[in-house]
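First comes the structure, then the notes that go with it.
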Number of protein chains: 2
Amino acid sequence: MSRLIWRTPLPDLAVDEERLWSDIMTLAQIGVLPDGGCDRLALTEADAAARSLLRYWFQQAGLNVSVDPIGNVFGRREGTQPGLPPVFVGSHIDTQSPGGKFDGVLGVLAGLECIRTLNRAGIKTRYPIEVVNWTNEEGARFAPGLMGSAVFTGQLDLAAAHASKDPSGVSVAEALTRIRHLGDAPMQRPVDSYFELHIEQGDRLQQAGHRIGVVIGSEFNCFADITCIGENGHAQATPMAQRRNPLAAAAELITAIEAIGHRNAPVGSAGVASLRLWPNNRINIPHRVVFTYSGTHPERAGMASMRHEIGEAAAAIARRTGIRIDVEASPDREAIDFDPALAVLVEEIATQQGFSTMRLRSRAGHDAIRMAPYCPTQMIFVPCKDGISHSEFEDCRSDDVAAGANVLLHALHARANRASDR
Amino acid sequence: MSRLIWRTPLPDLAVDEERLWSDIMTLAQIGVLPDGGCDRLALTEADAAARSLLRYWFQQAGLNVSVDPIGNVFGRREGTQPGLPPVFVGSHIDTQSPGGKFDGVLGVLAGLECIRTLNRAGIKTRYPIEVVNWTNEEGARFAPGLMGSAVFTGQLDLAAAHASKDPSGVSVAEALTRIRHLGDAPMQRPVDSYFELHIEQGDRLQQAGHRIGVVIGSEFNCFADITCIGENGHAQATPMAQRRNPLAAAAELITAIEAIGHRNAPVGSAGVASLRLWPNNRINIPHRVVFTYSGTHPERAGMASMRHEIGEAAAAIARRTGIRIDVEASPDREAIDFDPALAVLVEEIATQQGFSTMRLRSRAGHDAIRMAPYCPTQMIFVPCKDGISHSEFEDCRSDDVAAGANVLLHALHARANRASDR
């Protein structure tokens with residue numbers, strides 16, 4: 001551990017663990033699913049209800065609420081020195097379908113609880129602090145994900161984001177209008193820094209027995225759409241030798257991709273979660289199957305090697321089956337580095353608070369990845385049970401949640417109350 | 001070849017090959033697809049237009065048109081002796097999506113061309129002849145398939161058929177009303193016999209170089225829905241060792257089923273043509289995958305053995321992957337036998353016409369399978385290119401079509417003009 005460069009002046013300041021846990025459980029009732037998870041896709045009625053509750057809580061905490069044109073919600077606590085840019089803290093409250101109680105929600109509600117804690121202690125900061133709820137982080141209803149932070153930072157055009165449609169043809173602009181979240185707060189304004197507390201969505205902390213993950217950046221990750229083209233035919237009467245079933249080829253390739261993911265584990269991962277086929281009729285062999293694989297790897301060479309293995313598997317199956325297989329790879333999402341000084345800050349705060357830490361990279365996408373090129377950015381992970389997320393069975397311990405929120409609190413305070421730009 | 005028991009009194013009577021081919025190509029323009037196939041799902045606007053043209057042609061040929069409550073369309077040519085039940089000839093003009101030009105259409109339009117040929121020759125028959133277009137043979141929009149013939153013969157309840165809904169929630173009754181085909185012609189009335197000319201949808205005739213398939217019945221066939229239950233999780237961040245991806249298990253099982261189909265070929269067949277998964281989002285491992293396999297075999301024991309092999313494969317994959325796999329098998333569709341005397345009749349006519357014949361069983365479902373328990377029934381197959389059907393690339397030769405139609409013509413005449421019940 002490096003020599004301490006920062007020491008909190010308020011070692012006993014702590015969030016209200018019960019209140020934070022209660023808030024998380026309360027928000028989880030909006031869009032609740034039978035096994036306790038959530039279905040709160042971006043800009044649905046459930047998201048609107050959750051946003052309404054969040055805004056009420058923001059106002060209760062004395063925050064000044066604003067909404068920008070992509071529907072990002074900001075709750076602002078002024079600083080003591082006019083003209084300084086705000087420290088942002090937040091995440092998102094939209095979920096997958098099905099999704100869990102903690103993914104995203106933790107970062108927003110922990111940010112809010114930090115504000116309440118500062119309020120209770122009568123502590124002011126030089127810099128303003130804004131709690132942010134980013135719109136459509138998940139990308140499960142509207143593509144792309146990380147939408148709110150991408151638009152705010154100018155990495156995605158507002159008009160393009162507004163035009164994105166869900167499967168039923170409703171656009172983001174229409175959905176924002178319907179739930180009254182098409183605001184006019186300025187975007188691309190100066191931001192001092194961004195902090196995001198999140199569940200790990202992996203099991204490295206749990207495996208290592210550490211409480212605080214100091215996230216130094218993201219890993220390489222990739223998506224590719226694979227299209228298998230065969231020929232229709234009667235599913236019972238077409239002679240086996242004449243069948244050109246692209247679903248059979250897709251099945252072989254999915255098996256190969258999952259095997260490549262397992263061979264590269266635990267460092268890398270690869271798998272398939274979505275698939276469509278046409279005409280999808282039990283009596284008609286499909287002519288077209290499209291599925292998407294995704295993979296992650298901490299190193300560029302490892303990512304390239306997995307992609308190469310998958311490409312070779314696809315080519316071999318195409319040769320053997322006569323099914324045309326096209327691999328359309330999106331560009332790799334490059335590994336992003338967060339701010340090294342903020343990582344040290346978080347590490348030292350955690351250590352002072354008595355929590356063991358571990359440096360790691362995020363395998364999942366986060367709004368912090370969009371914020372990193374825009375301002376000094378830092379993520380904090382806490383353990384989640386068995387690394388499961390995007391699931392009704394996503395689970396966290398209240399003491400881990402509180403530990404993360406307390407590290408966030410002191411980091412926020414240190415950053416927002418610093419004497420000079422260091 | 002057995003001793004001839006039947007000899008046509010009209011050896012030179014023949015259908016108009018050009019007219020029949022032209023009619024098939026004309027009907028194929030309704031719901032035409034880019035590669036020349038058809039999309040004419042049951043009771044759609046395209047089906048309505050095709051029915052309208054068919055009724056016009058029926059009327060042009062002097063047929064008396066009626067429609068029953070399930071939308072079956074009958075074109076009746078009276079016989080000379082009052083009170084005798086009609087000889088039915090027909091098939092269906094709905095298609096798969098995508099579908100071909102010949103599957104079903106051939107049987108209806110060849111039946112019509114036989115009527116025109118009798119008209120041109122001034123030949124009357126003792127028994128009436130009715131050309132039938134059965135509603136929703138394909139089952140691609142509304143389940144089950146073979147719907148019109150099943151309701152007509154009392155094997156399927158009219159109310160149940162009317163209540164069947166398409167994926168968008170439109171019921172058969174609503175669709176029939178919309179296209180004005182909810183008629184009141186009596187069902188379950190006496191029928192003397194049923195003849196259906198169809199493309200083989202397999203390549204046994206082509207392989208053997210025979211022109212006329214004398215269909216002695218159907219094979220055993222089966223469907224089963226297989227459900228794989230896993231657990232949601234982030235598709236990139238969930239550790240490989242923690243993933244319980246039911247799509248990975250489904251992919252292995254699909255590969256196994258296809259292999260079982262190939263091992264049992266050319267006698268048996270098995271494969272998978274349809275699959276659904278939830279939530280079907282590239283970033284969320286699915287919790288549920290459902291797919292359907294179908295298989296055929298000429299023998300009960302062979303069918304049971306294939307089913308057993310598939311069940312064993314499913315159990316082994318479930319054990320190894322920890323994914324729950326439920327196999328819900330529909331009862332086997334039993335092999336049906338057509339009328340042996342009519343098979344001999346068709347065989348002898350084909351031989352007299354100079355066409356080589358082959359006895360075989362149908363692997364596909366047909367309305368004739370519903371008619372077989374109801375009245376003496378016979379199917380005639382003609383070759384289709386490479387055994388491909390349910391496809392835009394379904395193809396037939398005009399001379400094969402004419403050969404089939406001429407065998408049908410003489411069989412119809414022989415049956416409808418027979419002196420006594422033999």
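Numbering starts fresh at 1 for the residues of each chain in the structure tokens, the chains themselves are lettered A, B, ... in the order given, and ligands are numbered from 1 as they appear.
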Within 10 Å of Ser362 in chain B, counting only C-alpha atoms, which residues show up once you throw out same-chain ones fewer than 3 positions away? Write them as a ChimeraX atom specification, please. /A:236-237 /B:200-202,213-220,296,298,335-336,365-366,369,379,381
Output file for the selection above: C-alpha atoms, as a tab-separated table (two decimals), in the first residue's frame:
chain	number	residue	atom	x	y	z
A	236	GLN	CA	-40.49	-33.06	-41.73
A	237	ALA	CA	-40.56	-33.98	-45.41
B	200	GLU	CA	-43.89	-35.03	-52.95
B	201	GLN	CA	-41.94	-32.62	-50.70
B	202	GLY	CA	-39.25	-35.28	-50.63
B	213	GLY	CA	-46.07	-41.49	-56.46
B	214	VAL	CA	-48.93	-43.72	-55.32
B	215	VAL	CA	-49.30	-42.62	-51.72
B	216	ILE	CA	-50.42	-45.52	-49.59
B	217	GLY	CA	-50.59	-43.51	-46.38
B	218	SER	CA	-48.58	-41.35	-44.01
B	219	GLU	CA	-45.60	-42.06	-41.80
B	220	PHE	CA	-45.44	-41.68	-38.04
B	296	THR	CA	-40.72	-38.73	-38.93
B	298	PRO	CA	-42.30	-45.02	-41.33
B	335	ALA	CA	-49.32	-43.55	-39.52
B	336	ILE	CA	-52.56	-43.53	-41.56
B	365	GLY	CA	-49.17	-33.73	-43.04
B	366	HIS	CA	-52.01	-33.34	-45.58
B	369	ILE	CA	-54.83	-37.61	-43.56
B	379	MET	CA	-53.12	-39.07	-52.70
B	381	PHE	CA	-47.50	-37.35	-55.64
Taking only range 284-400 of chain A into account, list the residues labelled helix (DSSP H, G or I) by DSSP (computed from the backbone), as JSON, numbers by chain. {"A": [300, 301, 302, 303, 304, 305, 306, 307, 308, 309, 310, 311, 312, 313, 314, 315, 316, 317, 318, 319, 320, 321, 340, 341, 342, 343, 344, 345, 346, 347, 348, 349, 350, 351, 352, 367, 368, 369, 370, 371, 385, 386, 387, 398, 399, 400]}
File dump, residues just selected, C-alpha atoms, as a tab-separated table (two decimals), in the first residue's frame:
chain	number	residue	atom	x	y	z
A	300	ARG	CA	-6.10	-6.19	-26.42
A	301	ALA	CA	-4.21	-9.27	-27.58
A	302	GLY	CA	-6.45	-11.60	-25.59
A	303	MET	CA	-9.56	-10.00	-27.04
A	304	ALA	CA	-8.16	-10.29	-30.56
A	305	SER	CA	-7.23	-13.91	-29.98
A	306	MET	CA	-10.74	-14.82	-28.80
A	307	ARG	CA	-12.27	-13.04	-31.78
A	308	HIS	CA	-9.90	-14.95	-34.05
A	309	GLU	CA	-10.85	-18.29	-32.48
A	310	ILE	CA	-14.54	-17.51	-32.96
A	311	GLY	CA	-13.95	-16.48	-36.58
A	312	GLU	CA	-12.10	-19.73	-37.26
A	313	ALA	CA	-14.90	-21.76	-35.68
A	314	ALA	CA	-17.46	-19.94	-37.84
A	315	ALA	CA	-15.46	-20.55	-41.00
A	316	ALA	CA	-15.01	-24.25	-40.20
A	317	ILE	CA	-18.73	-24.75	-39.54
A	318	ALA	CA	-19.63	-22.86	-42.72
A	319	ARG	CA	-17.29	-25.07	-44.77
A	320	ARG	CA	-18.60	-28.27	-43.26
A	321	THR	CA	-22.33	-27.45	-43.37
A	340	PRO	CA	-5.31	7.27	-11.20
A	341	ALA	CA	-5.31	9.99	-8.51
A	342	LEU	CA	-8.97	9.32	-7.66
A	343	ALA	CA	-8.20	5.61	-7.46
A	344	VAL	CA	-5.56	6.34	-4.83
A	345	LEU	CA	-8.00	8.62	-3.01
A	346	VAL	CA	-10.66	5.90	-2.88
A	347	GLU	CA	-8.11	3.29	-1.86
A	348	GLU	CA	-6.85	5.37	1.02
A	349	ILE	CA	-10.33	6.26	2.24
A	350	ALA	CA	-11.33	2.62	2.18
A	351	THR	CA	-8.22	1.67	4.09
A	352	GLN	CA	-8.85	4.36	6.70
A	367	ASP	CA	-21.93	5.48	-17.55
A	368	ALA	CA	-18.54	6.06	-15.93
A	369	ILE	CA	-16.97	4.79	-19.17
A	370	ARG	CA	-18.68	7.65	-21.02
A	371	MET	CA	-17.69	10.15	-18.31
A	385	LYS	CA	-23.59	-12.54	-4.51
A	386	ASP	CA	-21.86	-15.02	-6.84
A	387	GLY	CA	-21.34	-12.27	-9.40
A	398	SER	CA	-26.50	-4.34	3.57
A	399	ASP	CA	-23.10	-3.93	5.28
A	400	ASP	CA	-21.32	-4.08	1.91
Which polymer residues have any atom within 7 Å of an atom of range 178-188 of chain B, counting only C-alpha atoms, with same-chain residues fewer than 2 positions away left out, as a ChimeraX atom specification? /B:43,48,66-71,152-154,174-176,190
Could the residues in this selection be written to a file with all heavy atoms, as a short mmCIF file (atom, residue, chain, number, x, y, z; two decimals), in the first residue's frame?
data_model
loop_
_atom_site.label_atom_id
_atom_site.label_comp_id
_atom_site.auth_asym_id
_atom_site.auth_seq_id
_atom_site.Cartn_x
_atom_site.Cartn_y
_atom_site.Cartn_z
N LEU B 43 -56.19 -16.90 -44.47
CA LEU B 43 -57.18 -15.89 -44.12
C LEU B 43 -56.62 -14.47 -44.07
O LEU B 43 -57.22 -13.58 -43.48
CB LEU B 43 -57.89 -16.24 -42.80
CG LEU B 43 -58.44 -17.68 -42.70
CD1 LEU B 43 -59.18 -17.88 -41.39
CD2 LEU B 43 -59.32 -18.01 -43.89
N ALA B 48 -57.38 -14.04 -49.19
CA ALA B 48 -58.71 -13.59 -49.64
C ALA B 48 -58.71 -13.34 -51.14
O ALA B 48 -59.64 -13.73 -51.86
CB ALA B 48 -59.11 -12.33 -48.87
N SER B 66 -69.89 -23.00 -52.82
CA SER B 66 -70.41 -22.83 -51.46
C SER B 66 -69.23 -22.74 -50.49
O SER B 66 -68.11 -23.14 -50.81
CB SER B 66 -71.34 -23.98 -51.07
OG SER B 66 -70.61 -25.20 -51.01
N VAL B 67 -69.51 -22.16 -49.32
CA VAL B 67 -68.48 -21.98 -48.29
C VAL B 67 -69.08 -22.47 -46.98
O VAL B 67 -70.23 -22.17 -46.67
CB VAL B 67 -68.08 -20.50 -48.18
CG1 VAL B 67 -67.03 -20.30 -47.08
CG2 VAL B 67 -67.58 -19.97 -49.52
N ASP B 68 -68.30 -23.22 -46.21
CA ASP B 68 -68.83 -23.71 -44.93
C ASP B 68 -68.35 -22.83 -43.78
O ASP B 68 -67.61 -21.87 -43.99
CB ASP B 68 -68.52 -25.21 -44.78
CG ASP B 68 -67.06 -25.49 -44.48
OD1 ASP B 68 -66.30 -24.53 -44.17
OD2 ASP B 68 -66.66 -26.67 -44.53
N PRO B 69 -68.75 -23.15 -42.55
CA PRO B 69 -68.45 -22.24 -41.43
C PRO B 69 -66.97 -22.13 -41.05
O PRO B 69 -66.60 -21.23 -40.30
CB PRO B 69 -69.26 -22.85 -40.26
CG PRO B 69 -70.36 -23.61 -40.92
CD PRO B 69 -69.74 -24.17 -42.16
N ILE B 70 -66.12 -23.01 -41.57
CA ILE B 70 -64.69 -22.86 -41.31
C ILE B 70 -63.99 -22.28 -42.54
O ILE B 70 -62.76 -22.16 -42.58
CB ILE B 70 -64.08 -24.20 -40.82
CG1 ILE B 70 -62.67 -23.99 -40.22
CG2 ILE B 70 -64.03 -25.24 -41.93
CD1 ILE B 70 -62.65 -23.11 -38.98
N GLY B 71 -64.81 -21.90 -43.55
CA GLY B 71 -64.23 -21.20 -44.70
C GLY B 71 -63.77 -22.11 -45.83
O GLY B 71 -63.20 -21.64 -46.81
N PHE B 152 -64.35 -30.05 -40.93
CA PHE B 152 -65.36 -30.62 -41.84
C PHE B 152 -65.70 -32.05 -41.44
O PHE B 152 -66.87 -32.45 -41.46
CB PHE B 152 -64.86 -30.57 -43.28
CG PHE B 152 -65.84 -31.15 -44.27
CD1 PHE B 152 -66.81 -30.34 -44.87
CD2 PHE B 152 -65.81 -32.50 -44.60
CE1 PHE B 152 -67.73 -30.87 -45.76
CE2 PHE B 152 -66.72 -33.04 -45.49
CZ PHE B 152 -67.69 -32.23 -46.08
N THR B 153 -64.68 -32.83 -41.08
CA THR B 153 -64.91 -34.25 -40.78
C THR B 153 -65.26 -34.48 -39.32
O THR B 153 -65.41 -35.64 -38.91
CB THR B 153 -63.64 -35.06 -41.11
OG1 THR B 153 -62.53 -34.49 -40.38
CG2 THR B 153 -63.32 -35.04 -42.60
N GLY B 154 -65.34 -33.40 -38.52
CA GLY B 154 -65.73 -33.57 -37.12
C GLY B 154 -64.60 -33.97 -36.20
O GLY B 154 -64.83 -34.31 -35.04
N GLU B 174 -62.79 -14.10 -36.48
CA GLU B 174 -62.65 -12.70 -36.91
C GLU B 174 -62.06 -12.61 -38.31
O GLU B 174 -62.52 -11.83 -39.14
CB GLU B 174 -61.75 -11.93 -35.93
CG GLU B 174 -62.40 -11.64 -34.59
CD GLU B 174 -61.39 -11.28 -33.49
OE1 GLU B 174 -60.16 -11.34 -33.75
OE2 GLU B 174 -61.84 -10.98 -32.38
N ALA B 175 -61.04 -13.42 -38.54
CA ALA B 175 -60.38 -13.38 -39.85
C ALA B 175 -61.32 -13.86 -40.95
O ALA B 175 -61.37 -13.29 -42.05
CB ALA B 175 -59.11 -14.21 -39.83
N LEU B 176 -62.12 -14.91 -40.66
CA LEU B 176 -63.10 -15.40 -41.64
C LEU B 176 -64.14 -14.33 -41.95
O LEU B 176 -64.53 -14.13 -43.10
CB LEU B 176 -63.80 -16.65 -41.11
CG LEU B 176 -63.03 -17.97 -41.20
CD1 LEU B 176 -63.74 -19.05 -40.37
CD2 LEU B 176 -62.88 -18.42 -42.65
N PRO B 190 -72.23 -36.55 -46.34
CA PRO B 190 -71.64 -37.73 -46.98
C PRO B 190 -70.69 -37.34 -48.11
O PRO B 190 -70.99 -36.44 -48.90
CB PRO B 190 -72.86 -38.48 -47.54
CG PRO B 190 -74.01 -37.98 -46.73
CD PRO B 190 -73.69 -36.55 -46.39
#
Can you work out the spacing between CA of Ile226 in chain A and CA of Ala256 in chain A in Å, to one decimal? 13.1 Å
Where does DSSP see strand (DSSP E) in range 58-160 of chain A, if you list the residues as a ChimeraX atom specification? /A:64-67,73-77,87-91,129-133
Expected file: the selected residues, N, CA and C atoms, as a PDB file, in the first residue's frame:
ATOM      1  N   ASN A  64     -31.843  20.815  -5.780  1.00  0.00           N
ATOM      2  CA  ASN A  64     -32.511  21.552  -6.849  1.00  0.00           C
ATOM      3  C   ASN A  64     -32.550  20.632  -8.080  1.00  0.00           C
ATOM      4  N   VAL A  65     -33.742  20.258  -8.523  1.00  0.00           N
ATOM      5  CA  VAL A  65     -33.867  19.235  -9.563  1.00  0.00           C
ATOM      6  C   VAL A  65     -33.926  19.857 -10.956  1.00  0.00           C
ATOM      7  N   SER A  66     -33.171  19.301 -11.881  1.00  0.00           N
ATOM      8  CA  SER A  66     -33.291  19.703 -13.283  1.00  0.00           C
ATOM      9  C   SER A  66     -33.243  18.469 -14.164  1.00  0.00           C
ATOM     10  N   VAL A  67     -33.763  18.611 -15.379  1.00  0.00           N
ATOM     11  CA  VAL A  67     -33.809  17.503 -16.336  1.00  0.00           C
ATOM     12  C   VAL A  67     -33.286  18.038 -17.662  1.00  0.00           C
ATOM     13  N   VAL A  73     -31.650  13.184 -15.002  1.00  0.00           N
ATOM     14  CA  VAL A  73     -32.173  13.954 -13.865  1.00  0.00           C
ATOM     15  C   VAL A  73     -31.012  14.303 -12.930  1.00  0.00           C
ATOM     16  N   PHE A  74     -30.918  15.591 -12.581  1.00  0.00           N
ATOM     17  CA  PHE A  74     -29.840  16.073 -11.719  1.00  0.00           C
ATOM     18  C   PHE A  74     -30.446  16.659 -10.450  1.00  0.00           C
ATOM     19  N   GLY A  75     -29.900  16.304  -9.282  1.00  0.00           N
ATOM     20  CA  GLY A  75     -30.292  16.918  -8.008  1.00  0.00           C
ATOM     21  C   GLY A  75     -29.073  17.652  -7.465  1.00  0.00           C
ATOM     22  N   ARG A  76     -29.150  18.972  -7.418  1.00  0.00           N
ATOM     23  CA  ARG A  76     -27.945  19.777  -7.157  1.00  0.00           C
ATOM     24  C   ARG A  76     -27.941  20.361  -5.736  1.00  0.00           C
ATOM     25  N   ARG A  77     -26.808  20.200  -5.090  1.00  0.00           N
ATOM     26  CA  ARG A  77     -26.527  20.832  -3.799  1.00  0.00           C
ATOM     27  C   ARG A  77     -25.443  21.872  -4.055  1.00  0.00           C
ATOM     28  N   VAL A  87     -19.265  18.422  -8.654  1.00  0.00           N
ATOM     29  CA  VAL A  87     -18.858  17.018  -8.567  1.00  0.00           C
ATOM     30  C   VAL A  87     -20.123  16.196  -8.807  1.00  0.00           C
ATOM     31  N   PHE A  88     -20.055  15.294  -9.762  1.00  0.00           N
ATOM     32  CA  PHE A  88     -21.205  14.429 -10.071  1.00  0.00           C
ATOM     33  C   PHE A  88     -21.079  13.116  -9.303  1.00  0.00           C
ATOM     34  N   VAL A  89     -22.216  12.606  -8.846  1.00  0.00           N
ATOM     35  CA  VAL A  89     -22.250  11.266  -8.270  1.00  0.00           C
ATOM     36  C   VAL A  89     -23.559  10.622  -8.734  1.00  0.00           C
ATOM     37  N   GLY A  90     -23.494   9.419  -9.191  1.00  0.00           N
ATOM     38  CA  GLY A  90     -24.752   8.818  -9.636  1.00  0.00           C
ATOM     39  C   GLY A  90     -24.574   7.523 -10.382  1.00  0.00           C
ATOM     40  N   SER A  91     -25.630   7.158 -11.104  1.00  0.00           N
ATOM     41  CA  SER A  91     -25.680   5.936 -11.907  1.00  0.00           C
ATOM     42  C   SER A  91     -27.054   5.957 -12.596  1.00  0.00           C
ATOM     43  N   ILE A 129     -22.335  19.650  -5.480  1.00  0.00           N
ATOM     44  CA  ILE A 129     -22.435  18.205  -5.743  1.00  0.00           C
ATOM     45  C   ILE A 129     -23.772  17.959  -6.429  1.00  0.00           C
ATOM     46  N   GLU A 130     -23.761  17.196  -7.500  1.00  0.00           N
ATOM     47  CA  GLU A 130     -25.029  16.843  -8.155  1.00  0.00           C
ATOM     48  C   GLU A 130     -25.176  15.320  -8.193  1.00  0.00           C
ATOM     49  N   VAL A 131     -26.337  14.861  -7.730  1.00  0.00           N
ATOM     50  CA  VAL A 131     -26.668  13.436  -7.875  1.00  0.00           C
ATOM     51  C   VAL A 131     -27.341  13.267  -9.232  1.00  0.00           C
ATOM     52  N   VAL A 132     -26.876  12.321 -10.010  1.00  0.00           N
ATOM     53  CA  VAL A 132     -27.349  12.152 -11.386  1.00  0.00           C
ATOM     54  C   VAL A 132     -28.019  10.798 -11.576  1.00  0.00           C
ATOM     55  N   ASN A 133     -29.176  10.808 -12.237  1.00  0.00           N
ATOM     56  CA  ASN A 133     -29.767   9.570 -12.749  1.00  0.00           C
ATOM     57  C   ASN A 133     -29.673   9.622 -14.271  1.00  0.00           C
TER      58      ASN A 133
END
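Proximity to Cys384 in chain B at 8 Å, evaluated using only C-alpha atoms and with sequence-adjacent residues fewer than 5 positions away removed, yields Ile199, Glu200, Gln201, Gly202, Asp203, Gln206, Ser389, Glu394, Asp395, Cys396 and Arg397 of chain B.
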How would the residues just picked look written out with N, CA and C atoms as a compact mmCIF listing (two decimals), in the first residue's frame?
# COMPACT_ATOMS: atom_id res chain seq x y z
N ILE B 199 -47.30 -32.15 -54.62
CA ILE B 199 -45.87 -32.40 -54.82
C ILE B 199 -45.37 -33.27 -53.68
N GLU B 200 -44.32 -34.06 -53.96
CA GLU B 200 -43.89 -35.03 -52.95
C GLU B 200 -43.35 -34.38 -51.69
N GLN B 201 -42.64 -33.26 -51.82
CA GLN B 201 -41.94 -32.62 -50.70
C GLN B 201 -40.83 -33.51 -50.15
N GLY B 202 -40.39 -34.42 -50.94
CA GLY B 202 -39.25 -35.28 -50.63
C GLY B 202 -38.61 -35.59 -51.97
N ASP B 203 -37.54 -36.39 -51.98
CA ASP B 203 -36.86 -36.61 -53.27
C ASP B 203 -36.84 -38.08 -53.66
N GLN B 206 -37.76 -38.39 -57.40
CA GLN B 206 -36.65 -37.86 -58.22
C GLN B 206 -35.47 -38.83 -58.20
N SER B 389 -39.59 -27.97 -50.36
CA SER B 389 -40.87 -27.28 -50.33
C SER B 389 -40.86 -26.33 -49.15
N GLU B 394 -39.09 -23.91 -54.06
CA GLU B 394 -39.91 -25.07 -54.41
C GLU B 394 -40.12 -25.05 -55.93
N ASP B 395 -39.88 -26.17 -56.58
CA ASP B 395 -40.01 -26.15 -58.04
C ASP B 395 -40.50 -27.50 -58.57
N CYS B 396 -41.19 -27.43 -59.69
CA CYS B 396 -41.77 -28.61 -60.34
C CYS B 396 -41.63 -28.46 -61.84
N ARG B 397 -41.71 -29.56 -62.56
CA ARG B 397 -41.72 -29.51 -64.02
C ARG B 397 -43.15 -29.55 -64.52
Here is a test: counting only C-alpha atoms, which residue of B:Pro98, B:Ile123, B:Ala402, B:Val172 is nearest to Pro34 in chain B?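 The shortest atom-to-atom distance to Pro34 in chain B comes from B:Pro98.
If you measure from each of B:Phe338, B:Phe142, B:Phe195, B:Tyr374 to chain A using only C-alpha atoms, the closest one turns out to be B:Phe142.
Omitting range 100-114 of chain B and its sequence neighbours fewer than 3 positions away, and counting only C-alpha atoms, the residues within 6 Å are B:Ala28, B:Gly37, B:Cys38, B:Val89, B:Gly90, B:Ser91, B:His92, B:Ile93, B:Thr117, B:Val131, B:Glu196, B:Leu197, B:His198, B:His390, B:Ser391, B:Glu392, B:Glu394, B:Ala405, B:Leu409.
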Once you have the residues from the selection above, write them out as a compact mmCIF listing (two decimals), in the first residue's frame, restricted to C-alpha atoms.
# COMPACT_ATOMS: atom_id res chain seq x y z
CA ALA B 28 -48.50 -17.47 -57.47
CA GLY B 37 -42.34 -17.90 -53.84
CA CYS B 38 -45.50 -16.91 -52.00
CA VAL B 89 -60.84 -33.46 -55.19
CA GLY B 90 -58.68 -30.71 -53.80
CA SER B 91 -56.08 -29.47 -51.42
CA HIS B 92 -55.35 -25.90 -50.16
CA ILE B 93 -54.17 -22.53 -51.46
CA THR B 117 -61.45 -31.19 -69.24
CA VAL B 131 -63.29 -29.26 -56.01
CA GLU B 196 -55.50 -35.10 -53.57
CA LEU B 197 -52.66 -34.45 -55.99
CA HIS B 198 -49.58 -32.94 -54.34
CA HIS B 390 -42.04 -24.64 -47.84
CA SER B 391 -39.55 -22.52 -49.71
CA GLU B 392 -39.42 -19.89 -52.41
CA GLU B 394 -39.91 -25.07 -54.41
CA ALA B 405 -53.25 -34.08 -63.33
CA LEU B 409 -58.47 -36.91 -64.16
Find the residue from B:Asp225, B:Leu247, B:Tyr56, B:Ala403 that sits nearest to Ser330 in chain B; use only C-alpha atoms when measuring. B:Asp225
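Each of A:Glu137, A:Glu258, A:Glu45, A:Asp23 was compared to chain B using only C-alpha atoms, and A:Glu258 turns out to be the nearest.
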Just how far from CA of Cys375 in chain A is CA of Val191 in chain A, in Å to one decimal?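 Distance between the two atoms: 6.4 Å.
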Grab the CA of Pro144 in chain A to CA of Lys165 in chain A distance for me, in Å with one decimal place. 10.3 Å
Counting only C-alpha atoms, which residue out of A:Ile283, A:Ala419, A:Ala329, A:Leu10 sits closest to chain B? A:Ile283
